[in-house]
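Q: Starting off with a structure, shown below.
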Protein chains: 2
Amino acid sequence: MNFLEERIGKDGIVREGNVLKVDSFLNHQMDIRLFEQMGEEWKRRFAGRSINKILTIEASGIGIACIAAQYFDVPVVFAKKSKSINIAGDVYVAEVESFTHKNVNQVIVSRDFLGPEDRVLIIDDFLANGCALQGLISIVEQAGGIVEGIGIAVEKGFQNGGKMIRDMGYQLESLAIVDAMDPQTGKIIFRE
Amino acid sequence: MNFLEERIGKDGIVREGNVLKVDSFLNHQMDIRLFEQMGEEWKRRFAGRSINKILTIEASGIGIACIAAQYFDVPVVFAKKSKSINIAGDVYVAEVESFTHKNVNQVIVSRDFLGPEDRVLIIDDFLANGCALQGLISIVEQAGGIVEGIGIAVEKGFQNGGKMIRDMGYQLESLAIVDAMDPQTGKIIFRE
């Protein structure tokens, strides 16, 4: 087990409905030393890639992305969730369905901060059905940029997002892939 | 002028209605090296304080808070904005009026991550009328914790939030205080 799998095993809480709570260290309270280990590990895994920007999505991706950015020495742009129907013209827009909140949000990034010169590393905390990630990929494509790679903290391997993204040919590096969880025993099985 | 005032002077954009856009380096695209300077400066200004946690609010406070946390070697908790009327019982709640969006949000923090043992540094990107800050202070008080200090990137000195918070006795350290801005000329006057 790597450092993140160990931490999830120690502090993650499994709930009914395939819910994995990691809010004591990842997405409500944030362990910055853990984020540093994650940033270092992504830097290692994307060592051959030429990356000049990190893209993430509010809110829980931001902290992880900012710490990771220190290892790549690049700025971070975060996509904003917006319910507005009328969005000013100077933004890229993607529609993202939320699994947690059962609704559709528009996700926007200003055209000022993403363009054809950008080689982008996408960072997020969770990957389940891949909707948020597809929205971010769409935004990079609208900008004419290149997705150099995708770094995820926790992938739910029993949902189809990871397979779909890998089948599209992207280098997707999830630091922990959960293949099964049992809310009765609390046991979590990680992919080898 | 300090490093942040210089950067605002160079890259900030003044718009009608007392709007200061700093989204190319602070709250949409984020310059992580600048955030490191900010963290270092807050560490200097709060040197005498015993701080064991940083509290911020989603979304644009998170990146700044995470980088600042490296200088204090503490975890970060971010308050979540929620429109839900029915909030589960295990959270502290504060109501926060949004100046930008003209609505009232509930802001919540899990009771698991803030308690009487916490000596808290509150970090946020902007201070105008102080509503968000009062919400965060209220949450620390509900938890029985102590607000050791408040670090803000940009304070709008011509609005009353800063005065109000200082009058309450808090050590408020805003790295740039804008006393006036002119949308015609783009000129920004900082407090000495």
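Residue numbering restarts at 1 in every chain; chains get A, B, ... in the order shown in the structure tokens, and ligands count up from 1 in that same order.
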Find the residues around range 66-76 of chain B up to 8 Å (only C-alpha atoms counted), leave out those fewer than 3 positions away in its own chain, and share them as number ranges by chain.

A: A: 29-33, 63, 66-67; B: 32, 35-36, 38-40, 42-43, 51-56, 62-63

Q: Would you list, as number ranges by chain, the residues of range 20-157 of chain A that end up in alpha helix (DSSP H) under DSSP run on this structure's backbone?

A: A: 32-45, 61-72, 131-142

Q: What is the distance, in Å and to one decimal place, between CA of Arg166 in chain B and CA of Val104 in chain B?

A: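 These two atoms are separated by 24.0 Å.
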
Q: Got a sec: who's within 9 Å of Val140 in chain A, counting only C-alpha atoms, leaving out chain neighbours fewer than 2 positions off, as a list in words?

A: Leu55, Tyr92, Leu114, Gly115, Pro116, Asp118, Arg119, Val120, Gly135, Leu136, Ile137, Ser138, Gln142, Ala143, Gly144, Gly145, Ile146 and Val147 of chain A

Q: Expressed in Å to a single decimal, how great is the separation between CA of Leu4 in chain A and CA of Gln171 in chain A?

A: 19.4 Å

Q: Between A:Lys163, A:Lys102, A:Lys80, A:Lys156, which has the minimum distance to chain B (counting only C-alpha atoms)?

A: A:Lys80

Q: As a VMD selection string, please: all residues of chain A that backbone DSSP puts in strand (DSSP E).

A: chain A and resid 13 to 15 19 to 21 29 to 30 53 to 57 76 to 82 91 to 98 103 to 110 119 to 127 146 to 156 172 to 181 188 to 190

Q: Write a file of the just-selected residues containing C-alpha atoms, as a short mmCIF file (atom, residue, chain, number, x, y, z; two decimals), in the first residue's frame.

A:
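Writing the result to selection09.cif gives the following:
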```cif
data_model
loop_
_atom_site.label_atom_id
_atom_site.label_comp_id
_atom_site.auth_asym_id
_atom_site.auth_seq_id
_atom_site.Cartn_x
_atom_site.Cartn_y
_atom_site.Cartn_z
CA ILE A 13 -15.02 5.93 6.68
CA VAL A 14 -17.18 3.66 4.54
CA ARG A 15 -20.91 4.43 4.47
CA VAL A 19 -19.88 6.54 0.08
CA LEU A 20 -16.26 6.92 1.19
CA LYS A 21 -15.76 9.78 3.63
CA GLN A 29 -10.14 19.28 6.80
CA MET A 30 -6.98 19.14 4.68
CA LYS A 53 -0.62 24.89 -16.12
CA ILE A 54 -2.76 22.95 -13.66
CA LEU A 55 -6.54 22.97 -14.04
CA THR A 56 -8.88 21.92 -11.23
CA ILE A 57 -12.47 22.50 -10.15
CA VAL A 76 -3.33 26.87 -11.16
CA VAL A 77 -6.68 27.75 -12.74
CA PHE A 78 -9.84 26.54 -11.09
CA ALA A 79 -13.10 26.02 -12.96
CA LYS A 80 -16.04 27.69 -11.25
CA LYS A 81 -19.42 26.09 -10.74
CA SER A 82 -22.21 28.35 -11.87
CA VAL A 91 -15.71 32.02 -20.76
CA TYR A 92 -15.44 28.39 -21.77
CA VAL A 93 -18.48 26.44 -20.51
CA ALA A 94 -19.08 22.75 -19.83
CA GLU A 95 -22.07 21.03 -18.28
CA VAL A 96 -21.32 18.72 -15.36
CA GLU A 97 -23.76 16.39 -13.68
CA SER A 98 -23.24 16.05 -9.94
CA ASN A 103 -28.19 18.24 -10.44
CA VAL A 104 -26.44 19.76 -13.45
CA ASN A 105 -24.02 22.63 -13.03
CA GLN A 106 -22.33 24.75 -15.59
CA VAL A 107 -18.61 24.87 -15.09
CA ILE A 108 -16.78 27.89 -16.45
CA VAL A 109 -13.23 29.09 -17.04
CA SER A 110 -12.32 32.56 -18.30
CA ARG A 119 -0.23 21.98 -21.78
CA VAL A 120 -2.45 21.13 -18.92
CA LEU A 121 -2.34 18.77 -15.96
CA ILE A 122 -5.86 18.26 -14.60
CA ILE A 123 -6.02 17.59 -10.84
CA ASP A 124 -9.03 16.60 -8.74
CA ASP A 125 -9.73 14.87 -5.45
CA PHE A 126 -12.24 12.24 -6.60
CA LEU A 127 -13.05 10.29 -9.75
CA ILE A 146 -3.48 19.85 -24.65
CA VAL A 147 -4.34 17.62 -21.70
CA GLU A 148 -0.91 16.24 -20.75
CA GLY A 149 -2.23 14.17 -17.90
CA ILE A 150 -4.80 13.75 -15.16
CA GLY A 151 -3.95 13.34 -11.48
CA ILE A 152 -6.64 12.05 -9.11
CA ALA A 153 -6.37 11.38 -5.40
CA VAL A 154 -9.09 8.73 -4.96
CA GLU A 155 -10.67 6.80 -7.82
CA LYS A 156 -13.73 4.67 -7.25
CA LEU A 172 -4.67 9.05 -15.71
CA GLU A 173 -2.77 8.66 -12.44
CA SER A 174 -5.03 7.91 -9.49
CA LEU A 175 -3.04 7.63 -6.27
CA ALA A 176 -5.58 5.27 -4.70
CA ILE A 177 -8.07 3.11 -6.62
CA VAL A 178 -10.81 1.64 -4.47
CA ASP A 179 -12.18 -1.55 -6.03
CA ALA A 180 -14.59 -2.45 -3.25
CA MET A 181 -15.76 -1.24 0.15
CA ILE A 188 -11.60 -1.18 1.74
CA ILE A 189 -9.99 -3.14 -1.10
CA PHE A 190 -7.50 -1.24 -3.26
#
```

Q: What does the structure give for the distance between CA of Gly161 in chain B and CA of Gly17 in chain B, in Å to one decimal?

A: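 Between these atoms lies a distance of 17.2 Å.
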
Q: Give me the residues near Met164 in chain A as a list in words, where near means some atom within 12 Å (using only C-alpha atoms) and where sequence neighbours in that chain fewer than 2 positions away do not count.

A: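 Returned residues: Leu127, Ala128, Asn129, Gly130, Cys131, Leu133, Gln134, Gly157, Gln159, Asn160, Gly161, Gly162, Arg166, Asp167, Met168, Gly169, Tyr170, Gln171 and Leu172 of chain A.
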
Q: Write to file, as a short mmCIF file (atom, residue, chain, number, x, y, z; two decimals), in the first residue's frame, the residues of the selection just made, with all heavy atoms.

A:
```
data_model
loop_
_atom_site.label_atom_id
_atom_site.label_comp_id
_atom_site.auth_asym_id
_atom_site.auth_seq_id
_atom_site.Cartn_x
_atom_site.Cartn_y
_atom_site.Cartn_z
N LEU A 127 -12.57 10.71 -8.43
CA LEU A 127 -13.05 10.29 -9.75
C LEU A 127 -14.03 9.15 -9.53
O LEU A 127 -13.67 8.12 -8.94
CB LEU A 127 -11.89 9.83 -10.64
CG LEU A 127 -12.26 9.10 -11.93
CD1 LEU A 127 -13.16 9.94 -12.82
CD2 LEU A 127 -10.98 8.71 -12.70
N ALA A 128 -15.27 9.34 -9.99
CA ALA A 128 -16.28 8.27 -9.87
C ALA A 128 -16.83 7.97 -11.27
O ALA A 128 -16.27 7.17 -12.00
CB ALA A 128 -17.37 8.68 -8.90
N ASN A 129 -17.87 8.69 -11.68
CA ASN A 129 -18.39 8.46 -13.03
C ASN A 129 -17.69 9.29 -14.10
O ASN A 129 -17.94 9.13 -15.30
CB ASN A 129 -19.91 8.68 -13.08
CG ASN A 129 -20.28 10.11 -12.69
OD1 ASN A 129 -19.44 11.00 -12.73
ND2 ASN A 129 -21.52 10.32 -12.31
N GLY A 130 -16.82 10.20 -13.68
CA GLY A 130 -16.00 10.95 -14.62
C GLY A 130 -16.64 12.18 -15.24
O GLY A 130 -16.06 12.81 -16.12
N CYS A 131 -17.82 12.57 -14.75
CA CYS A 131 -18.51 13.73 -15.35
C CYS A 131 -17.72 15.03 -15.18
O CYS A 131 -17.57 15.80 -16.13
CB CYS A 131 -19.89 13.91 -14.74
SG CYS A 131 -21.07 12.70 -15.35
N LEU A 133 -14.57 15.39 -14.72
CA LEU A 133 -13.34 15.29 -15.51
C LEU A 133 -13.62 15.53 -16.99
O LEU A 133 -12.87 16.23 -17.67
CB LEU A 133 -12.76 13.89 -15.31
CG LEU A 133 -11.26 13.76 -15.21
CD1 LEU A 133 -10.65 14.84 -14.36
CD2 LEU A 133 -10.90 12.39 -14.64
N GLN A 134 -14.70 14.98 -17.49
CA GLN A 134 -15.06 15.20 -18.89
C GLN A 134 -15.33 16.68 -19.15
O GLN A 134 -14.97 17.21 -20.20
CB GLN A 134 -16.27 14.38 -19.27
CG GLN A 134 -15.91 12.92 -19.52
CD GLN A 134 -17.05 12.16 -20.17
OE1 GLN A 134 -18.14 12.08 -19.61
NE2 GLN A 134 -16.80 11.61 -21.34
N GLY A 157 -12.89 2.67 -8.29
CA GLY A 157 -12.63 1.76 -9.41
C GLY A 157 -13.83 0.94 -9.83
O GLY A 157 -13.86 0.38 -10.93
N GLN A 159 -16.75 2.27 -10.30
CA GLN A 159 -17.57 3.07 -11.21
C GLN A 159 -16.80 3.21 -12.52
O GLN A 159 -15.61 2.91 -12.60
CB GLN A 159 -17.93 4.41 -10.57
CG GLN A 159 -18.94 4.21 -9.44
CD GLN A 159 -19.53 5.52 -8.93
OE1 GLN A 159 -19.35 5.89 -7.79
NE2 GLN A 159 -20.25 6.22 -9.80
N ASN A 160 -17.46 3.70 -13.56
CA ASN A 160 -16.86 3.55 -14.89
C ASN A 160 -15.99 4.72 -15.36
O ASN A 160 -15.44 4.67 -16.46
CB ASN A 160 -17.96 3.26 -15.92
CG ASN A 160 -18.89 4.46 -16.10
OD1 ASN A 160 -18.91 5.35 -15.24
ND2 ASN A 160 -19.62 4.50 -17.20
N GLY A 161 -15.86 5.77 -14.54
CA GLY A 161 -15.15 6.96 -14.99
C GLY A 161 -13.69 6.70 -15.37
O GLY A 161 -13.22 7.14 -16.41
N GLY A 162 -12.99 5.96 -14.54
CA GLY A 162 -11.57 5.70 -14.78
C GLY A 162 -11.33 4.94 -16.07
O GLY A 162 -10.47 5.32 -16.88
N ARG A 166 -9.32 6.36 -19.38
CA ARG A 166 -8.14 5.63 -19.87
C ARG A 166 -8.37 5.15 -21.31
O ARG A 166 -7.46 5.20 -22.13
CB ARG A 166 -7.81 4.45 -18.95
CG ARG A 166 -7.25 4.89 -17.60
CD ARG A 166 -6.75 3.71 -16.74
NE ARG A 166 -6.29 4.24 -15.44
CZ ARG A 166 -7.07 4.36 -14.37
NH1 ARG A 166 -8.33 3.96 -14.39
NH2 ARG A 166 -6.58 4.89 -13.26
N ASP A 167 -9.60 4.71 -21.61
CA ASP A 167 -9.92 4.27 -22.97
C ASP A 167 -9.81 5.41 -23.98
O ASP A 167 -9.57 5.19 -25.16
CB ASP A 167 -11.34 3.68 -23.04
CG ASP A 167 -11.42 2.30 -22.40
OD1 ASP A 167 -10.33 1.72 -22.11
OD2 ASP A 167 -12.53 1.79 -22.19
N MET A 168 -9.99 6.64 -23.51
CA MET A 168 -9.84 7.81 -24.39
C MET A 168 -8.37 8.12 -24.65
O MET A 168 -8.05 9.00 -25.44
CB MET A 168 -10.52 9.04 -23.77
CG MET A 168 -12.05 8.94 -23.75
SD MET A 168 -12.80 10.15 -22.59
CE MET A 168 -12.68 11.67 -23.55
N GLY A 169 -7.47 7.41 -23.95
CA GLY A 169 -6.04 7.55 -24.22
C GLY A 169 -5.29 8.50 -23.30
O GLY A 169 -4.09 8.74 -23.50
N TYR A 170 -5.95 9.01 -22.28
CA TYR A 170 -5.27 9.93 -21.37
C TYR A 170 -4.42 9.18 -20.35
O TYR A 170 -4.77 8.08 -19.94
CB TYR A 170 -6.29 10.81 -20.63
CG TYR A 170 -7.02 11.75 -21.54
CD1 TYR A 170 -8.35 11.52 -21.90
CD2 TYR A 170 -6.38 12.87 -22.08
CE1 TYR A 170 -9.01 12.39 -22.76
CE2 TYR A 170 -7.03 13.72 -22.95
CZ TYR A 170 -8.35 13.49 -23.28
OH TYR A 170 -8.99 14.32 -24.14
N GLN A 171 -3.30 9.80 -19.96
CA GLN A 171 -2.52 9.26 -18.83
C GLN A 171 -3.21 9.70 -17.53
O GLN A 171 -3.10 10.86 -17.12
CB GLN A 171 -1.07 9.77 -18.85
CG GLN A 171 -0.24 9.12 -17.73
CD GLN A 171 1.18 9.66 -17.62
OE1 GLN A 171 1.65 10.39 -18.50
NE2 GLN A 171 1.86 9.31 -16.55
N LEU A 172 -3.92 8.78 -16.94
CA LEU A 172 -4.67 9.05 -15.71
C LEU A 172 -3.94 8.39 -14.55
O LEU A 172 -3.73 7.17 -14.56
CB LEU A 172 -6.09 8.47 -15.85
CG LEU A 172 -6.93 8.37 -14.57
CD1 LEU A 172 -7.15 9.72 -13.93
CD2 LEU A 172 -8.27 7.71 -14.90
#
```
